[in-house]
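Some notes on the structure that comes next.
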Amino acid sequence: MVLEKGLLVSDLLDNNAMVAIVLDRNGSVLFINKTYLVILGKTEEEIVGKFIGDITPESRAIIVLKTGKAIVGYNWSINGYKMIACALPLIKNGELVGCFAYSLFMDIWDAKDLMENLMFELNMYKNEVHNLHSARYTFADIIGQAQAIQNVKNLAQKAALHPSITVLINGDSGTGKELFAHAIHKASSRSKLPFIRVNCAAIPENLLEAELFGYEEGAFTGARKSGSPGKFELANGGTIFLDEIGEMSYLMQSKLLVFLQEREFERLGGHRPIRVNVRVIAATNRNLEMMVEQNKFREDLFYRINVLRLEIPSLRDRIEDIPLLVKYLTPKININLRTNVTDITDDALGILSKYNWPGNVRELENVLERSMILADMERSSTISPNHLGFMKVKLDYPCSGSSGKLKEVLEEYEKQVITKVLEETRYNKVKTATILDIDISWLYKKIKKFGITSHNL
Ligand SMILES: Nc1ncnc2c1ncn2[C@@H]1O[C@H](COP(=O)(O)OP(=O)(O)OP(=O)(O)O)[C@@H](O)[C@H]1O
Ligand SMILES: [Mg+2]
C-alpha cells in the first residue's frame, strides 16, 4: 500500500480511537495526539518538549528508552480511562532514537476479572518454573556484618550440618527468609538433591493437598491419567521449603502434621504408603505463637516445626548494613537494568539510613532500582538525593487510628499502604500486587481481612 506523499505523523495518529505519544531518546515529548491531550487535560504547549517522567511518572516508555525493548499489551490507566497499551522503541540505523507509545481503547472492565484469574494462574506456573531450579543462593549471598544477622547466619550454618532437623524461619517480608532456606540446603549434605519450594499462600486450598502429596489416576475430575507425584515425593532425598506456612488452612495443617509424625503419606486417591526422606524448612512472616493462641495454627504442628528457629532481623534493626547492601546490590542491578550507576552520595545514603524499611531488603532493592534508572536517565553514575524524591511519598504514609500496640500499628499501616496503592492503581489488583511485590492471593486475603471496599473492587 502506498501512502499519499506528505502524510504527516499527526495525520496518521490524530484519531480518537487511540492515544499516541512519540518521545525522543531522552524521554522528551516530540509529538502527542489530541485524544491524549484531552485525557490529560493539557494543551500541546504544556506537554511537547517536556520529560515524560514529569507528565506520567509510571510511563513504560521510560523503561523502553532504557532497555531498547518493546513492552506490548500492558494495562495503562489514566484519569479513569483504562487502556491496553504498547510502547515500542524507535530504532534508526541500529540506534535507539526514541519511543512510540500508543493505546488501544477497550472496555477492560469485563476483561479485568478474566485477566486477574489468568495472572493468578500465570503466577502459579511461574512459581512452578522457579521451583524447577534447585537452590540458587549460598551463605555468601547473605550480606550483613551486623551482629543480629551474623548470629542468625551462624545458627543457620549449624542447622545445615544436621540434614534432618526441621527449621522454622521467621521474619518480616523481604528480610531474606528464602535466601536462608536456599543457603541451608546448599551447605548441607543434601545439596546435590532437589530443593523444592512450595508457596502455601499461592496455591488454592483445594489444590494444596494434591500439590504436596500427589494423586493417583481418577482421584478427582481433571486429574492426569497417569496420576502425579507431589512435592514431597519430588523432594525425596533433598529439602522441601514450605514458604508462607502461616497461610496453610487448618485442615491442611493436620495432614502435614501426620506426615511429619509418620514421614510417610498416601497420594490422593491412592492406597499405597509412600515413605520419603526430606528435610522440612518452613518460613513465615506471621507470629505463629499468636496464631496458636487464636486457634488459627495447630499447636502440635507448631511444636513439630519449631525445632530450630531462625529469627531474621528486619533491615531497620541493622541499618548499619545499608552501605554494604548498596555496594552489593548496585552491580547486580546494573547488570539487570543495563544501567551504569556505581556510586552513591553520603546524603543519599543518609536518606536510606533514616528510612524505616517496612519492606526490608526487597524494598531496598526496589528503591535502588528506581533511583538508578533515574540517575542513569540523567547520565549520572551516582545516586544523589534528588533520585530518591519518590521515597517521600512512602515516608508520608499516615499511621493514625491505631491503639499503639505494635501488631495493630503494623496492621493499620499495612492496611493504609495497601489501600493507597489500590487507589493509585485504580483498584487494579494485579498492578497493586506487582508494585507491593506480594502475591495476588495474599493481596486478596488482605483486602478481605481489612474489609477494604470500593465499587471498583
Ligand atoms: N541479607 C541479604 N543480602 C542480600 N540480599 C538479600 C538479603 N536479604 C534479602 N535479600 C534480597 O531481598 C529480596 C527478598 O529476599 P527473600 O525473598 O529471601 O525475602 P523473604 O523474607 O522470603 O520475603 P517474603 O516474606 O516477602 O517472602 C531478594 O531479592 C533477596 O535476594
Ligand atoms: Mg519469601
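The chains in the C-alpha cells are called A, B, ... from first to last as shown; in each chain the residues are counted from 1, and the ligands are counted from 1 in the order shown.
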Within 6 Å of ligand 1 (only C-alpha atoms and all ligand atoms), residues as a list in words: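 Based on only C-alpha atoms and all ligand atoms, ligand 1 is surrounded within 6 Å by Asp141, Ile142, Ile143, Gly144, Asp172, Ser173, Gly174, Thr175, Gly176, Lys177, Glu178, Leu179, Asn285, Val361 and Arg362 of chain A.
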Excluding Tyr303 of chain A and residues on its chain fewer than 3 positions from it, collect all residues at most 12 Å away from it, counting only C-alpha atoms, and give them as a ChimeraX atom specification. /A:166-168,257,260-261,288-289,292,297-300,306-309
Only all heavy atoms, please: the residues just picked out, written as a compact mmCIF listing (two decimals), in the first residue's frame.
```
# COMPACT_ATOMS: atom_id res chain seq x y z
N THR A 166 14.32 -30.11 61.32
CA THR A 166 13.33 -29.19 60.74
C THR A 166 13.68 -27.78 61.17
O THR A 166 14.03 -27.54 62.33
CB THR A 166 11.93 -29.57 61.25
OG1 THR A 166 11.69 -30.93 60.89
CG2 THR A 166 10.86 -28.69 60.64
N VAL A 167 13.59 -26.85 60.23
CA VAL A 167 13.96 -25.47 60.54
C VAL A 167 12.75 -24.56 60.31
O VAL A 167 12.04 -24.70 59.30
CB VAL A 167 15.13 -24.99 59.63
CG1 VAL A 167 15.52 -23.55 59.94
CG2 VAL A 167 16.32 -25.91 59.76
N LEU A 168 12.52 -23.66 61.23
CA LEU A 168 11.45 -22.67 61.06
C LEU A 168 12.10 -21.29 60.91
O LEU A 168 12.86 -20.86 61.79
CB LEU A 168 10.51 -22.69 62.27
CG LEU A 168 9.43 -21.60 62.28
CD1 LEU A 168 8.52 -21.72 61.07
CD2 LEU A 168 8.59 -21.69 63.56
N LEU A 257 0.88 -32.43 59.62
CA LEU A 257 1.31 -32.96 60.90
C LEU A 257 1.46 -34.48 60.82
O LEU A 257 2.46 -35.04 61.27
CB LEU A 257 0.31 -32.58 61.99
CG LEU A 257 0.62 -33.16 63.36
CD1 LEU A 257 1.84 -32.48 63.95
CD2 LEU A 257 -0.55 -33.03 64.32
N LEU A 260 4.59 -35.32 59.13
CA LEU A 260 5.80 -35.06 59.93
C LEU A 260 5.98 -36.11 61.02
O LEU A 260 7.10 -36.43 61.40
CB LEU A 260 5.75 -33.66 60.53
CG LEU A 260 5.87 -32.52 59.52
CD1 LEU A 260 5.72 -31.17 60.21
CD2 LEU A 260 7.20 -32.57 58.78
N GLN A 261 4.86 -36.67 61.50
CA GLN A 261 4.97 -37.69 62.53
C GLN A 261 5.39 -39.03 61.94
O GLN A 261 6.23 -39.73 62.48
CB GLN A 261 3.64 -37.85 63.26
CG GLN A 261 3.40 -36.72 64.25
CD GLN A 261 1.95 -36.63 64.67
OE1 GLN A 261 1.05 -37.16 64.02
NE2 GLN A 261 1.71 -35.93 65.76
N LEU A 288 3.50 -17.12 64.69
CA LEU A 288 2.81 -18.41 64.83
C LEU A 288 2.34 -18.65 66.26
O LEU A 288 1.27 -19.22 66.47
CB LEU A 288 3.70 -19.56 64.37
CG LEU A 288 3.97 -19.65 62.86
CD1 LEU A 288 4.74 -20.93 62.55
CD2 LEU A 288 2.71 -19.61 62.04
N GLU A 289 3.12 -18.16 67.25
CA GLU A 289 2.69 -18.33 68.65
C GLU A 289 1.32 -17.68 68.85
O GLU A 289 0.41 -18.27 69.43
CB GLU A 289 3.68 -17.68 69.63
CG GLU A 289 4.85 -18.54 69.99
CD GLU A 289 6.07 -18.25 69.13
OE1 GLU A 289 5.88 -17.61 68.06
OE2 GLU A 289 7.18 -18.66 69.50
N VAL A 292 -1.32 -19.64 67.25
CA VAL A 292 -1.67 -20.82 68.05
C VAL A 292 -2.68 -20.40 69.13
O VAL A 292 -3.71 -21.04 69.33
CB VAL A 292 -0.41 -21.45 68.69
CG1 VAL A 292 -0.79 -22.46 69.76
CG2 VAL A 292 0.45 -22.12 67.62
N PHE A 297 -3.51 -21.72 64.21
CA PHE A 297 -2.42 -22.62 63.83
C PHE A 297 -2.36 -23.73 64.86
O PHE A 297 -2.41 -23.48 66.06
CB PHE A 297 -1.09 -21.86 63.76
CG PHE A 297 -0.07 -22.55 62.91
CD1 PHE A 297 -0.06 -22.37 61.53
CD2 PHE A 297 0.87 -23.41 63.48
CE1 PHE A 297 0.87 -23.02 60.72
CE2 PHE A 297 1.80 -24.07 62.67
CZ PHE A 297 1.80 -23.88 61.31
N ARG A 298 -2.25 -24.95 64.39
CA ARG A 298 -2.26 -26.10 65.30
C ARG A 298 -1.04 -26.09 66.21
O ARG A 298 0.08 -26.01 65.72
CB ARG A 298 -2.28 -27.40 64.51
CG ARG A 298 -3.56 -27.67 63.76
CD ARG A 298 -3.49 -29.07 63.20
NE ARG A 298 -3.42 -30.01 64.32
CZ ARG A 298 -4.35 -30.93 64.56
NH1 ARG A 298 -5.41 -31.01 63.77
NH2 ARG A 298 -4.23 -31.73 65.58
N GLU A 299 -1.31 -26.24 67.49
CA GLU A 299 -0.21 -26.20 68.45
C GLU A 299 0.77 -27.36 68.22
O GLU A 299 1.99 -27.19 68.21
CB GLU A 299 -0.77 -26.25 69.88
CG GLU A 299 0.27 -26.01 70.92
CD GLU A 299 -0.35 -25.80 72.30
OE1 GLU A 299 -1.54 -26.12 72.48
OE2 GLU A 299 0.37 -25.33 73.20
N ASP A 300 0.19 -28.57 67.98
CA ASP A 300 1.05 -29.74 67.80
C ASP A 300 1.93 -29.59 66.56
O ASP A 300 3.10 -29.96 66.56
CB ASP A 300 0.23 -31.05 67.74
CG ASP A 300 -1.08 -30.88 67.01
OD1 ASP A 300 -1.23 -29.85 66.31
OD2 ASP A 300 -1.95 -31.77 67.10
N ASN A 306 8.80 -26.11 64.98
CA ASN A 306 9.61 -25.13 65.71
C ASN A 306 10.77 -25.83 66.42
O ASN A 306 10.92 -25.73 67.63
CB ASN A 306 8.71 -24.40 66.72
CG ASN A 306 9.43 -23.24 67.37
OD1 ASN A 306 10.35 -22.68 66.77
ND2 ASN A 306 9.02 -22.90 68.57
N VAL A 307 11.57 -26.57 65.64
CA VAL A 307 12.65 -27.33 66.25
C VAL A 307 13.87 -26.44 66.34
O VAL A 307 14.43 -26.22 67.40
CB VAL A 307 12.95 -28.60 65.42
CG1 VAL A 307 14.08 -29.39 66.06
CG2 VAL A 307 11.70 -29.46 65.29
N LEU A 308 14.25 -25.91 65.20
CA LEU A 308 15.35 -24.94 65.21
C LEU A 308 14.80 -23.67 64.57
O LEU A 308 14.29 -23.71 63.45
CB LEU A 308 16.53 -25.48 64.41
CG LEU A 308 17.79 -24.64 64.58
CD1 LEU A 308 19.00 -25.54 64.69
CD2 LEU A 308 17.96 -23.67 63.44
N ARG A 309 14.84 -22.60 65.31
CA ARG A 309 14.15 -21.40 64.87
C ARG A 309 15.15 -20.32 64.47
O ARG A 309 16.06 -20.00 65.23
CB ARG A 309 13.32 -20.92 66.05
CG ARG A 309 12.67 -19.57 65.93
CD ARG A 309 11.33 -19.71 65.24
NE ARG A 309 10.44 -18.63 65.59
CZ ARG A 309 9.44 -18.72 66.44
NH1 ARG A 309 9.20 -19.84 67.07
NH2 ARG A 309 8.66 -17.70 66.67
```
Enumerate residues in contact with ligand 2: an atom-to-atom distance of at most 12 Å, counting only C-alpha atoms and all ligand atoms. Format the result as a PyMOL selection string. chain A and resi 127+169-182+197-202+241-245+282-286+312+359-362+437-439
I need the chosen residues saved as an mmCIF file, in the first residue's frame, with N, CA and C atoms.
```cif
data_model
loop_
_atom_site.group_PDB
_atom_site.id
_atom_site.type_symbol
_atom_site.label_atom_id
_atom_site.label_comp_id
_atom_site.auth_asym_id
_atom_site.auth_seq_id
_atom_site.Cartn_x
_atom_site.Cartn_y
_atom_site.Cartn_z
ATOM 1 N N ASN A 127 5.848 -19.824 39.483
ATOM 2 C CA ASN A 127 6.435 -20.405 40.691
ATOM 3 C C ASN A 127 6.929 -21.821 40.418
ATOM 4 N N ILE A 169 11.818 -20.635 59.808
ATOM 5 C CA ILE A 169 12.407 -19.316 59.574
ATOM 6 C C ILE A 169 11.323 -18.254 59.727
ATOM 7 N N ASN A 170 11.593 -17.339 60.613
ATOM 8 C CA ASN A 170 10.635 -16.286 60.921
ATOM 9 C C ASN A 170 11.245 -14.942 60.545
ATOM 10 N N GLY A 171 10.445 -14.025 60.086
ATOM 11 C CA GLY A 171 10.994 -12.703 59.769
ATOM 12 C C GLY A 171 9.995 -11.941 58.931
ATOM 13 N N ASP A 172 10.131 -10.616 58.953
ATOM 14 C CA ASP A 172 9.212 -9.781 58.179
ATOM 15 C C ASP A 172 9.399 -10.038 56.694
ATOM 16 N N SER A 173 8.471 -9.520 55.947
ATOM 17 C CA SER A 173 8.512 -9.652 54.498
ATOM 18 C C SER A 173 9.795 -9.022 53.942
ATOM 19 N N GLY A 174 10.460 -9.749 53.054
ATOM 20 C CA GLY A 174 11.636 -9.192 52.378
ATOM 21 C C GLY A 174 12.919 -9.203 53.185
ATOM 22 N N THR A 175 12.952 -9.946 54.292
ATOM 23 C CA THR A 175 14.169 -9.949 55.123
ATOM 24 C C THR A 175 15.195 -10.976 54.645
ATOM 25 N N GLY A 176 14.766 -11.889 53.767
ATOM 26 C CA GLY A 176 15.726 -12.871 53.261
ATOM 27 C C GLY A 176 15.451 -14.291 53.740
ATOM 28 N N LYS A 177 14.197 -14.586 54.092
ATOM 29 C CA LYS A 177 13.872 -15.929 54.588
ATOM 30 C C LYS A 177 14.182 -16.985 53.529
ATOM 31 N N GLU A 178 13.780 -16.661 52.300
ATOM 32 C CA GLU A 178 14.006 -17.638 51.231
ATOM 33 C C GLU A 178 15.502 -17.844 50.989
ATOM 34 N N LEU A 179 16.230 -16.752 51.053
ATOM 35 C CA LEU A 179 17.683 -16.804 50.896
ATOM 36 C C LEU A 179 18.281 -17.799 51.896
ATOM 37 N N PHE A 180 17.840 -17.708 53.131
ATOM 38 C CA PHE A 180 18.350 -18.603 54.168
ATOM 39 C C PHE A 180 17.996 -20.061 53.858
ATOM 40 N N ALA A 181 16.760 -20.299 53.391
ATOM 41 C CA ALA A 181 16.338 -21.671 53.106
ATOM 42 C C ALA A 181 17.244 -22.265 52.026
ATOM 43 N N HIS A 182 17.486 -21.482 50.963
ATOM 44 C CA HIS A 182 18.374 -21.952 49.890
ATOM 45 C C HIS A 182 19.761 -22.266 50.455
ATOM 46 N N ARG A 197 10.445 -25.744 46.485
ATOM 47 C CA ARG A 197 9.736 -24.717 47.248
ATOM 48 C C ARG A 197 8.233 -24.828 46.980
ATOM 49 N N VAL A 198 7.457 -24.754 48.036
ATOM 50 C CA VAL A 198 6.009 -24.718 47.892
ATOM 51 C C VAL A 198 5.526 -23.442 48.556
ATOM 52 N N ASN A 199 4.844 -22.594 47.786
ATOM 53 C CA ASN A 199 4.299 -21.376 48.386
ATOM 54 C C ASN A 199 2.878 -21.676 48.856
ATOM 55 N N CYS A 200 2.741 -21.908 50.160
ATOM 56 C CA CYS A 200 1.449 -22.348 50.695
ATOM 57 C C CYS A 200 0.369 -21.289 50.501
ATOM 58 N N ALA A 201 0.753 -20.031 50.327
ATOM 59 C CA ALA A 201 -0.244 -18.967 50.166
ATOM 60 C C ALA A 201 -0.726 -18.871 48.728
ATOM 61 N N ALA A 202 0.111 -19.283 47.780
ATOM 62 C CA ALA A 202 -0.241 -19.045 46.366
ATOM 63 C C ALA A 202 -1.087 -20.164 45.791
ATOM 64 N N PHE A 241 10.803 -26.789 51.009
ATOM 65 C CA PHE A 241 10.710 -25.472 51.648
ATOM 66 C C PHE A 241 9.239 -25.039 51.627
ATOM 67 N N LEU A 242 8.609 -25.095 52.791
ATOM 68 C CA LEU A 242 7.193 -24.731 52.884
ATOM 69 C C LEU A 242 7.113 -23.240 53.216
ATOM 70 N N ASP A 243 7.004 -22.435 52.158
ATOM 71 C CA ASP A 243 7.030 -20.986 52.338
ATOM 72 C C ASP A 243 5.629 -20.506 52.724
ATOM 73 N N GLU A 244 5.560 -19.459 53.539
ATOM 74 C CA GLU A 244 4.284 -18.885 53.983
ATOM 75 C C GLU A 244 3.422 -19.933 54.673
ATOM 76 N N ILE A 245 4.040 -20.703 55.547
ATOM 77 C CA ILE A 245 3.293 -21.805 56.191
ATOM 78 C C ILE A 245 2.142 -21.274 57.038
ATOM 79 N N ALA A 282 10.443 -24.502 56.977
ATOM 80 C CA ALA A 282 9.199 -23.737 56.837
ATOM 81 C C ALA A 282 9.519 -22.267 57.093
ATOM 82 N N ALA A 283 8.785 -21.388 56.444
ATOM 83 C CA ALA A 283 9.016 -19.956 56.680
ATOM 84 C C ALA A 283 7.691 -19.220 56.770
ATOM 85 N N THR A 284 7.695 -18.166 57.536
ATOM 86 C CA THR A 284 6.501 -17.328 57.619
ATOM 87 C C THR A 284 6.863 -15.946 58.155
ATOM 88 N N ASN A 285 6.048 -14.963 57.775
ATOM 89 C CA ASN A 285 6.227 -13.648 58.401
ATOM 90 C C ASN A 285 5.163 -13.431 59.482
ATOM 91 N N ARG A 286 4.379 -14.483 59.742
ATOM 92 C CA ARG A 286 3.337 -14.377 60.764
ATOM 93 C C ARG A 286 3.901 -14.778 62.117
ATOM 94 N N ILE A 312 14.971 -13.854 61.465
ATOM 95 C CA ILE A 312 15.759 -12.982 60.588
ATOM 96 C C ILE A 312 15.483 -11.526 60.980
ATOM 97 N N GLY A 359 9.506 -2.851 53.986
ATOM 98 C CA GLY A 359 9.644 -3.964 53.028
ATOM 99 C C GLY A 359 11.049 -4.557 53.025
ATOM 100 N N ASN A 360 11.877 -4.127 53.977
ATOM 101 C CA ASN A 360 13.208 -4.700 54.189
ATOM 102 C C ASN A 360 14.094 -4.711 52.937
ATOM 103 N N VAL A 361 14.949 -5.766 52.820
ATOM 104 C CA VAL A 361 15.961 -5.731 51.741
ATOM 105 C C VAL A 361 15.293 -5.691 50.362
ATOM 106 N N ARG A 362 14.147 -6.358 50.230
ATOM 107 C CA ARG A 362 13.474 -6.328 48.935
ATOM 108 C C ARG A 362 13.095 -4.894 48.578
ATOM 109 N N ASP A 437 4.980 -5.981 45.425
ATOM 110 C CA ASP A 437 5.784 -7.193 45.341
ATOM 111 C C ASP A 437 5.252 -8.274 46.282
ATOM 112 N N ILE A 438 3.923 -8.458 46.215
ATOM 113 C CA ILE A 438 3.322 -9.528 47.011
ATOM 114 C C ILE A 438 2.510 -10.403 46.066
ATOM 115 N N ASP A 439 2.201 -11.580 46.528
ATOM 116 C CA ASP A 439 1.420 -12.485 45.723
ATOM 117 C C ASP A 439 -0.015 -11.995 45.643
#
```
Applying 7 Å and only C-alpha atoms, which residues near Val276 of chain A remain after dropping the ones on its own chain fewer than 6 positions away? List them as a ChimeraX atom specification. /A:233,236,263-264
Contacts of Ala160 of chain A at 7 Å or less, counting only C-alpha atoms, minus same-chain residues fewer than 2 places along, as a PyMOL selection string? chain A and resi 156-158+162-163+184-185+187-188
Those residues with all heavy atoms, as a PDB file, in the first residue's frame please?
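Output file selection06.pdb is given in full below:
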```pdb
ATOM      1  N   ALA A 156      22.225 -20.785  61.356  1.00  0.00           N
ATOM      2  CA  ALA A 156      21.765 -21.448  60.129  1.00  0.00           C
ATOM      3  C   ALA A 156      22.853 -22.365  59.588  1.00  0.00           C
ATOM      4  O   ALA A 156      22.566 -23.464  59.096  1.00  0.00           O
ATOM      5  CB  ALA A 156      21.382 -20.400  59.089  1.00  0.00           C
ATOM      6  N   GLN A 157      24.106 -21.942  59.701  1.00  0.00           N
ATOM      7  CA  GLN A 157      25.205 -22.791  59.228  1.00  0.00           C
ATOM      8  C   GLN A 157      25.287 -24.068  60.046  1.00  0.00           C
ATOM      9  O   GLN A 157      25.558 -25.142  59.514  1.00  0.00           O
ATOM     10  CB  GLN A 157      26.531 -22.019  59.274  1.00  0.00           C
ATOM     11  CG  GLN A 157      26.751 -21.272  57.967  1.00  0.00           C
ATOM     12  CD  GLN A 157      27.701 -20.098  58.077  1.00  0.00           C
ATOM     13  OE1 GLN A 157      27.903 -19.545  59.155  1.00  0.00           O
ATOM     14  NE2 GLN A 157      28.282 -19.712  56.959  1.00  0.00           N
ATOM     15  N   LYS A 158      24.988 -23.933  61.334  1.00  0.00           N
ATOM     16  CA  LYS A 158      24.966 -25.145  62.180  1.00  0.00           C
ATOM     17  C   LYS A 158      23.809 -26.044  61.753  1.00  0.00           C
ATOM     18  O   LYS A 158      23.951 -27.263  61.677  1.00  0.00           O
ATOM     19  CB  LYS A 158      24.809 -24.758  63.651  1.00  0.00           C
ATOM     20  CG  LYS A 158      26.109 -24.219  64.208  1.00  0.00           C
ATOM     21  CD  LYS A 158      26.042 -24.066  65.723  1.00  0.00           C
ATOM     22  CE  LYS A 158      27.259 -23.292  66.199  1.00  0.00           C
ATOM     23  NZ  LYS A 158      26.920 -22.163  67.049  1.00  0.00           N
ATOM     24  N   HIS A 162      23.174 -30.446  60.131  1.00  0.00           N
ATOM     25  CA  HIS A 162      22.272 -31.510  60.621  1.00  0.00           C
ATOM     26  C   HIS A 162      21.145 -31.665  59.614  1.00  0.00           C
ATOM     27  O   HIS A 162      20.098 -31.038  59.738  1.00  0.00           O
ATOM     28  CB  HIS A 162      21.715 -31.145  62.008  1.00  0.00           C
ATOM     29  CG  HIS A 162      22.787 -31.004  63.033  1.00  0.00           C
ATOM     30  ND1 HIS A 162      23.312 -32.068  63.719  1.00  0.00           N
ATOM     31  CD2 HIS A 162      23.484 -29.930  63.459  1.00  0.00           C
ATOM     32  CE1 HIS A 162      24.265 -31.660  64.534  1.00  0.00           C
ATOM     33  NE2 HIS A 162      24.394 -30.354  64.390  1.00  0.00           N
ATOM     34  N   PRO A 163      21.331 -32.515  58.626  1.00  0.00           N
ATOM     35  CA  PRO A 163      20.450 -32.502  57.451  1.00  0.00           C
ATOM     36  C   PRO A 163      19.018 -32.975  57.694  1.00  0.00           C
ATOM     37  O   PRO A 163      18.216 -32.917  56.770  1.00  0.00           O
ATOM     38  CB  PRO A 163      21.172 -33.404  56.451  1.00  0.00           C
ATOM     39  CG  PRO A 163      22.065 -34.256  57.256  1.00  0.00           C
ATOM     40  CD  PRO A 163      22.428 -33.487  58.483  1.00  0.00           C
ATOM     41  N   ILE A 184      20.828 -22.929  53.436  1.00  0.00           N
ATOM     42  CA  ILE A 184      20.914 -24.104  54.318  1.00  0.00           C
ATOM     43  C   ILE A 184      20.979 -25.374  53.466  1.00  0.00           C
ATOM     44  O   ILE A 184      21.802 -26.254  53.682  1.00  0.00           O
ATOM     45  CB  ILE A 184      19.707 -24.156  55.289  1.00  0.00           C
ATOM     46  CG1 ILE A 184      19.794 -22.990  56.274  1.00  0.00           C
ATOM     47  CG2 ILE A 184      19.647 -25.490  56.016  1.00  0.00           C
ATOM     48  CD1 ILE A 184      18.569 -22.826  57.150  1.00  0.00           C
ATOM     49  N   HIS A 185      20.104 -25.427  52.466  1.00  0.00           N
ATOM     50  CA  HIS A 185      20.104 -26.615  51.604  1.00  0.00           C
ATOM     51  C   HIS A 185      21.457 -26.775  50.909  1.00  0.00           C
ATOM     52  O   HIS A 185      22.035 -27.861  50.893  1.00  0.00           O
ATOM     53  CB  HIS A 185      18.991 -26.500  50.564  1.00  0.00           C
ATOM     54  CG  HIS A 185      19.005 -27.607  49.550  1.00  0.00           C
ATOM     55  ND1 HIS A 185      18.544 -28.868  49.821  1.00  0.00           N
ATOM     56  CD2 HIS A 185      19.484 -27.652  48.278  1.00  0.00           C
ATOM     57  CE1 HIS A 185      18.704 -29.646  48.755  1.00  0.00           C
ATOM     58  NE2 HIS A 185      19.284 -28.921  47.799  1.00  0.00           N
ATOM     59  N   ALA A 187      24.360 -25.755  51.714  1.00  0.00           N
ATOM     60  CA  ALA A 187      25.503 -26.066  52.573  1.00  0.00           C
ATOM     61  C   ALA A 187      25.342 -27.429  53.238  1.00  0.00           C
ATOM     62  O   ALA A 187      26.194 -27.848  54.017  1.00  0.00           O
ATOM     63  CB  ALA A 187      25.652 -24.983  53.633  1.00  0.00           C
ATOM     64  N   SER A 188      24.246 -28.129  52.943  1.00  0.00           N
ATOM     65  CA  SER A 188      24.007 -29.398  53.641  1.00  0.00           C
ATOM     66  C   SER A 188      24.427 -30.574  52.754  1.00  0.00           C
ATOM     67  O   SER A 188      24.692 -30.412  51.563  1.00  0.00           O
ATOM     68  CB  SER A 188      22.521 -29.530  53.997  1.00  0.00           C
ATOM     69  OG  SER A 188      21.789 -29.889  52.848  1.00  0.00           O
TER      70      SER A 188
END
```
With DSSP run on the backbone, what are the helix (DSSP H, G or I) residues within segment 161-378 of chain A? I'd like them as a PyMOL selection string. chain A and resi 177-186+205-213+231-234+245-247+250-262+288-293+299-305+315-337+346-354+360-377
Between segment 75-101 of chain A and segment 10-19 of chain A, at 10 Å or less, what are the per-residue closest atom pairs and their distances in Å? Count only C-alpha atoms, order by chain and rising residue number, and return it as a Markdown table.
```
| residue | atom | partner | partner_atom | distance |
| --- | --- | --- | --- | --- |
| A:Met83 | CA | A:Met18 | CA | 9.1 |
| A:Ala85 | CA | A:Val19 | CA | 9.0 |
| A:Ala101 | CA | A:Val19 | CA | 8.2 |
```
If I take atom CA of Leu96 of chain A and atom CA of Leu65 of chain A, how far is one from the other in Å, to one decimal?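 Interatomic distance, atom CA of Leu96 of chain A to atom CA of Leu65 of chain A: 7.6 Å.
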Could you name the residues that touch Gly350 of chain A at 10 Å or less, counting only C-alpha atoms, but leaving out those on the same chain fewer than 5 positions away, as a PDB file with N, CA and C atoms, in the first residue's frame?
```pdb
ATOM      1  N   ILE A 322      23.331  -1.013  55.599  1.00  0.00           N
ATOM      2  CA  ILE A 322      22.829  -0.441  54.339  1.00  0.00           C
ATOM      3  C   ILE A 322      23.950  -0.125  53.335  1.00  0.00           C
ATOM      4  N   PRO A 323      25.043   0.532  53.744  1.00  0.00           N
ATOM      5  CA  PRO A 323      26.098   0.807  52.755  1.00  0.00           C
ATOM      6  C   PRO A 323      26.626  -0.475  52.095  1.00  0.00           C
ATOM      7  N   THR A 345      25.922   9.221  46.897  1.00  0.00           N
ATOM      8  CA  THR A 345      26.463  10.299  47.737  1.00  0.00           C
ATOM      9  C   THR A 345      26.165  10.008  49.215  1.00  0.00           C
ATOM     10  N   TYR A 355      15.308   5.908  56.768  1.00  0.00           N
ATOM     11  CA  TYR A 355      14.008   5.343  56.398  1.00  0.00           C
ATOM     12  C   TYR A 355      13.715   4.085  57.224  1.00  0.00           C
ATOM     13  N   PRO A 385      20.436  12.565  46.374  1.00  0.00           N
ATOM     14  CA  PRO A 385      19.112  12.680  46.997  1.00  0.00           C
ATOM     15  C   PRO A 385      17.988  12.964  46.007  1.00  0.00           C
TER      16      PRO A 385
END
```
Interatomic distance (Å, one decimal) between atom CA of Leu310 of chain A and atom CA of Phe265 of chain A: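 Going from atom CA of Leu310 of chain A over to atom CA of Phe265 of chain A covers 27.7 Å.
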Using DSSP assignments from the backbone, pull out every residue in segment 199-424 of chain A that falls under strand (DSSP E) and give it to me as an NGL selection string. :A and (199 or 214-215 or 228-229 or 239-243 or 264-266 or 273-275 or 279-284 or 308-311 or 343-344 or 382-383)
Got time to write the residues from that selection, C-alpha atoms, as a short mmCIF file (atom, residue, chain, number, x, y, z; two decimals), in the first residue's frame?
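Written output follows (part00.cif):
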```cif
data_model
loop_
_atom_site.label_atom_id
_atom_site.label_comp_id
_atom_site.auth_asym_id
_atom_site.auth_seq_id
_atom_site.Cartn_x
_atom_site.Cartn_y
_atom_site.Cartn_z
CA ASN A 199 4.30 -21.38 48.39
CA GLY A 214 0.38 -36.06 44.65
CA TYR A 215 -2.57 -38.03 43.31
CA SER A 228 1.18 -37.27 39.52
CA PRO A 229 3.80 -37.23 42.25
CA THR A 239 14.77 -30.35 51.09
CA ILE A 240 11.18 -29.15 50.93
CA PHE A 241 10.71 -25.47 51.65
CA LEU A 242 7.19 -24.73 52.88
CA ASP A 243 7.03 -20.99 52.34
CA GLU A 264 5.04 -41.24 55.05
CA PHE A 265 1.81 -40.46 53.22
CA GLU A 266 -0.55 -41.71 50.55
CA PRO A 273 2.01 -45.61 51.69
CA ILE A 274 4.98 -43.72 50.32
CA ARG A 275 8.00 -43.11 52.53
CA ARG A 279 14.31 -32.06 55.38
CA VAL A 280 11.49 -29.60 56.01
CA ILE A 281 12.24 -25.91 56.15
CA ALA A 282 9.20 -23.74 56.84
CA ALA A 283 9.02 -19.96 56.68
CA THR A 284 6.50 -17.33 57.62
CA LEU A 308 15.35 -24.94 65.21
CA ARG A 309 14.15 -21.40 64.87
CA LEU A 310 15.82 -18.64 62.85
CA GLU A 311 14.61 -15.12 63.51
CA ASP A 343 28.26 5.34 43.38
CA ILE A 344 26.01 7.00 45.93
CA THR A 382 26.00 8.49 41.19
CA ILE A 383 22.77 8.19 43.15
#
```
Phe31 of chain A environment, 8 Å, only C-alpha atoms, sequence neighbours closer than 6 positions dropped, as a PyMOL selection string: chain A and resi 10+21-23+48
Which polymer residues have any atom within 9 Å of an atom of Arg426 of chain A, counting only C-alpha atoms, with same-chain residues fewer than 4 positions away left out, as a ChimeraX atom specification? /A:77-78,80,421-422,456
